[in-house]
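Engineer: For reference, the structure I am asking about is given below.
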Amino acid sequence: MDEKKVKSSNNYNKVALRSIFSTFDKNNDGYITKQELKLSLKNIGIVMEDIDIVDMVEKVDSNKDGLIDLDEFYELCHTSLGIEEVNEGVMNQEEVAKREKDLKEAFDVFDHDKDGLITQEELSKILSSLGMKEGKKLDHCKEMIKKVDVDGDGMVNFEEFKKMNAWGTLIPFS
């Protein structure tokens, strides 16, 4: 992938993350509180204990105000959701294992019925719960899946999901 494509992909990734940030920021004050984070994650099927939410926030809260701003949200997504910049360099075995685990956890959020595949309906449900218009139309979800569906079965398996993340985006927005 050439540098221009990488930059374009990462910029688009930031646009998509900004949209997700706005759905997490319930009162539109430009910050995500621990309560907003916990509720938003719960809405997409990720139930976390308060201590885990506190740990997540503390890891990215660079200004120590107890809130997550947009830049800190980018960092949160990169560290906790497995989104990585393309060309970040070589990872050791421990980092690879952690990334694999993080990706599996993210995949499991989308794979609602736990059958190892993300269907159009599952993708639609998660995107809709995030308040994203892409989730409202099954045809749009079908196109999103088609972009990464290597085996042509109309669904995304974990290997396809991992490859999709190697391109620098959690969700293949068009």
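All residue names refer to the structure tokens as shown: chains lettered A, B, ... in order, residues numbered from 1 in each chain, ligands numbered from 1 in order.
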Would you mind listing what lies within 6 Å of stretch 112-124 of chain A as a list in words, with only C-alpha atoms counted and same-chain residues fewer than 4 positions away left out?
Structural biologist: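 Those residues are Ser128, Gly135, Cys141, Lys142, Met155, Val156 and Asn157 of chain A.
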Engineer: Could you name the residues that touch A:Ile51 at 12 Å or less, counting only C-alpha atoms, but leaving out those on the same chain fewer than 4 positions away, as a PyMOL selection string?
Structural biologist: chain A and resi 34-35+38+47+55-58
Engineer: Counting only C-alpha atoms, what is within 8 Å of A:Glu160, bar same-chain residues fewer than 3 positions away, as a PDB file with all heavy atoms, in the first residue's frame?
Structural biologist:
ATOM      1  N   VAL A 148     -14.730  -6.890   2.014  1.00  0.00           N
ATOM      2  CA  VAL A 148     -13.719  -7.675   2.735  1.00  0.00           C
ATOM      3  C   VAL A 148     -13.993  -9.174   2.684  1.00  0.00           C
ATOM      4  O   VAL A 148     -13.213  -9.958   3.224  1.00  0.00           O
ATOM      5  CB  VAL A 148     -13.598  -7.230   4.212  1.00  0.00           C
ATOM      6  CG1 VAL A 148     -13.117  -5.805   4.303  1.00  0.00           C
ATOM      7  CG2 VAL A 148     -14.893  -7.420   4.952  1.00  0.00           C
ATOM      8  N   ASP A 149     -15.064  -9.569   2.024  1.00  0.00           N
ATOM      9  CA  ASP A 149     -15.503 -10.966   1.979  1.00  0.00           C
ATOM     10  C   ASP A 149     -14.681 -11.746   0.950  1.00  0.00           C
ATOM     11  O   ASP A 149     -15.077 -11.909  -0.188  1.00  0.00           O
ATOM     12  CB  ASP A 149     -16.999 -11.026   1.641  1.00  0.00           C
ATOM     13  CG  ASP A 149     -17.539 -12.437   1.622  1.00  0.00           C
ATOM     14  OD1 ASP A 149     -16.900 -13.331   2.211  1.00  0.00           O
ATOM     15  OD2 ASP A 149     -18.601 -12.640   1.016  1.00  0.00           O
ATOM     16  N   VAL A 150     -13.545 -12.241   1.377  1.00  0.00           N
ATOM     17  CA  VAL A 150     -12.615 -12.927   0.490  1.00  0.00           C
ATOM     18  C   VAL A 150     -13.192 -14.237  -0.049  1.00  0.00           C
ATOM     19  O   VAL A 150     -13.039 -14.558  -1.221  1.00  0.00           O
ATOM     20  CB  VAL A 150     -11.270 -13.201   1.217  1.00  0.00           C
ATOM     21  CG1 VAL A 150     -10.327 -14.003   0.347  1.00  0.00           C
ATOM     22  CG2 VAL A 150     -10.627 -11.893   1.637  1.00  0.00           C
ATOM     23  N   VAL A 156     -18.483 -12.032   7.087  1.00  0.00           N
ATOM     24  CA  VAL A 156     -17.082 -11.781   7.440  1.00  0.00           C
ATOM     25  C   VAL A 156     -16.681 -12.752   8.532  1.00  0.00           C
ATOM     26  O   VAL A 156     -17.269 -12.776   9.609  1.00  0.00           O
ATOM     27  CB  VAL A 156     -16.889 -10.321   7.932  1.00  0.00           C
ATOM     28  CG1 VAL A 156     -15.443 -10.086   8.367  1.00  0.00           C
ATOM     29  CG2 VAL A 156     -17.293  -9.326   6.859  1.00  0.00           C
ATOM     30  N   ASN A 157     -15.665 -13.586   8.238  1.00  0.00           N
ATOM     31  CA  ASN A 157     -15.127 -14.473   9.270  1.00  0.00           C
ATOM     32  C   ASN A 157     -13.970 -13.760   9.975  1.00  0.00           C
ATOM     33  O   ASN A 157     -13.592 -12.649   9.596  1.00  0.00           O
ATOM     34  CB  ASN A 157     -14.711 -15.831   8.684  1.00  0.00           C
ATOM     35  CG  ASN A 157     -13.601 -15.708   7.656  1.00  0.00           C
ATOM     36  OD1 ASN A 157     -12.667 -14.926   7.808  1.00  0.00           O
ATOM     37  ND2 ASN A 157     -13.694 -16.494   6.598  1.00  0.00           N
ATOM     38  N   LYS A 163      -7.770  -9.139   8.430  1.00  0.00           N
ATOM     39  CA  LYS A 163      -7.195  -8.480   7.249  1.00  0.00           C
ATOM     40  C   LYS A 163      -7.755  -7.073   7.099  1.00  0.00           C
ATOM     41  O   LYS A 163      -7.026  -6.148   6.758  1.00  0.00           O
ATOM     42  CB  LYS A 163      -7.481  -9.300   5.994  1.00  0.00           C
ATOM     43  CG  LYS A 163      -6.634 -10.544   5.914  1.00  0.00           C
ATOM     44  CD  LYS A 163      -6.863 -11.273   4.607  1.00  0.00           C
ATOM     45  CE  LYS A 163      -5.937 -12.461   4.542  1.00  0.00           C
ATOM     46  NZ  LYS A 163      -6.631 -13.720   4.566  1.00  0.00           N
ATOM     47  N   MET A 164      -9.043  -6.936   7.357  1.00  0.00           N
ATOM     48  CA  MET A 164      -9.688  -5.637   7.287  1.00  0.00           C
ATOM     49  C   MET A 164      -8.991  -4.679   8.256  1.00  0.00           C
ATOM     50  O   MET A 164      -8.736  -3.531   7.933  1.00  0.00           O
ATOM     51  CB  MET A 164     -11.167  -5.798   7.656  1.00  0.00           C
ATOM     52  CG  MET A 164     -11.962  -4.536   7.742  1.00  0.00           C
ATOM     53  SD  MET A 164     -13.687  -4.884   8.072  1.00  0.00           S
ATOM     54  CE  MET A 164     -13.618  -5.672   9.670  1.00  0.00           C
TER      55      MET A 164
END
Engineer: Work out how far apart atom CA of A:Leu41 and atom CA of A:Lys146 are and give it in Å to one decimal.
Structural biologist: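 Atom-to-atom, atom CA of A:Leu41 to atom CA of A:Lys146, that is 26.3 Å.
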Engineer: Ranking A:Lys98, A:Asp50, A:Glu75, A:Lys42 by minimum distance to A:Ser62 and counting only C-alpha atoms, which one comes first?
Structural biologist: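 Among the listed residues, the smallest separation from A:Ser62 belongs to A:Glu75.
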Engineer: Ranking A:Asp102, A:Glu143, A:Glu36, A:Asp65 by minimum distance to A:Phe158 and counting only C-alpha atoms, which one comes first?
Structural biologist: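 When distances to A:Phe158 are compared using only C-alpha atoms, the smallest one comes from A:Asp102.
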Engineer: Running DSSP on the backbone, which parts of stretch 80-152 of chain A land in helix (DSSP H, G or I), as a ChimeraX atom specification?
Structural biologist: /A:80,93-110,120-129,133-136,138-146
Engineer: Give me the residues near A:Thr23 as a ChimeraX atom specification, where near means some atom within 12 Å (using only C-alpha atoms) and where sequence neighbours in that chain fewer than 5 positions away do not count.
Structural biologist: /A:16-18,28-32,36-37,39-41,43-44,70,127-133
Engineer: Taking into account only C-alpha atoms, which residue in the set A:Glu72, A:Lys162, A:Lys147, A:Asp153 is nearest to A:Arg99?
Structural biologist: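 Closest residue, counting only C-alpha atoms: A:Lys162.
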